[in-house]
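Peer 1: If you scroll down you'll find the structure; I have some questions about it.
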Amino acid sequence: MVGVVEAAQRLPPRDGPFPRRGGLRQVLFEWRGIKIHSYLVMVYLGLTVGLVAGNALANLGGLPTGRVLVALMLLTVPGLVGARLLFVAANWSIYRREPWRIWRRSEGGAAVQGGVVLSVAVSPPLLTALKIPFGAFWDVATFVMLIWLIFGRLGCLLHGCCSGRPSAGPLTLELPDYRGIWRRRIPTQLLEAGWGLLILLGLIGLWNEHPFPGAIFLAAVTAYAGGRFVLEPMREHRARIGALDVQQALAAAIGTLALAGFLIAWLGFGPDP
């Protein structure tokens, strides 16, 4: 991936059907006058690959694969909506002036934490109706979310959103933001995608060893939140309320709750999962 980025940064700006106004390549191609935007393509690819993986894991876990797939597809909607709404809320100073941009399909921008919170919150009635165990389902869904995260962050890299702050440090790359301003930056999109990949690989190793249903989900949320807390200050644009960094505060809160839930269930102080 670093080689791809370094090759892209050597390409000069060009005119033509796809001028490089922002990001590495915001528009992948155009078909019959319809611009196909890179961020949406990566999101759809991530969801597709994630759903295929989730269906396979449901089969391995002895869950009803058909019903699990239905639940995963239905909960994709609140997941995407929650992720977008949290991003919009964190950048409300921009979207308040231009509300028409909130649901513009060509724009990048999604906060994974919002998608996780909303989809988990609305899932109990659906899972009860489909007769799918809550903890076991979210263990499977964790892999779907992580795969979506990895593809989504690569989409952010192509689009230029969630860009890192300019830096002269050694671990930087010449990258553009969404406006096409090139600087030597911390590659936050690659770092978060890499962190998601590490979590994914770790959970694959734990699949047959997790102590209780839901352990994989809680462990993944804890790990992701911890990484997001560390990586957030490396971004160029950060949402703040006074001195409070909104995304860091959310990561700390969600990570703490997930860790507490994991320890309570693991140590046996709560009800049986």
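Identifiers in this document derive from the order of the structure tokens: chains are assigned A, B, ..., residues are numbered from 1 separately in each chain, and ligands are numbered from 1 in order of occurrence.
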List the neighbours of A:His210 out to 12 Å using only C-alpha atoms; skip same-chain residues closer than 5 positions along the sequence, and give me the result as a ChimeraX atom specification.

Peer 2: /A:61,135-136,139,202-205,215-220,262,265-266

Peer 1: If you run DSSP on the backbone, which residues of stretch 6-85 of chain A are strand (DSSP E), as a list of chain:residue names?

Peer 2: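 Residues meeting the strand (DSSP E) criterion: A:Val27, A:Leu28, A:Phe29, A:Glu30, A:Trp31, A:Ile34, A:Lys35, A:Ile36, A:His37.
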
Peer 1: Set the distance at 7 Å and use only C-alpha atoms: which residues neighbour A:Leu24 once local chain neighbours fewer than 4 positions away are removed? I'd like the list as a PyMOL selection string.

Peer 2: chain A and resi 8+157-160+176

Peer 1: Run DSSP on the backbone of this structure and report the residues of stretch 45-109 of chain A it assigns to helix (DSSP H, G or I), as a count of residues only.

Peer 2: 49

Peer 1: Tell me which protein, DNA and RNA residues are within 10 Å of A:Met73, counting only C-alpha atoms, leaving out same-chain ones fewer than 6 positions away, and put them as a ChimeraX atom specification.

Peer 2: /A:47-48,51,67,79
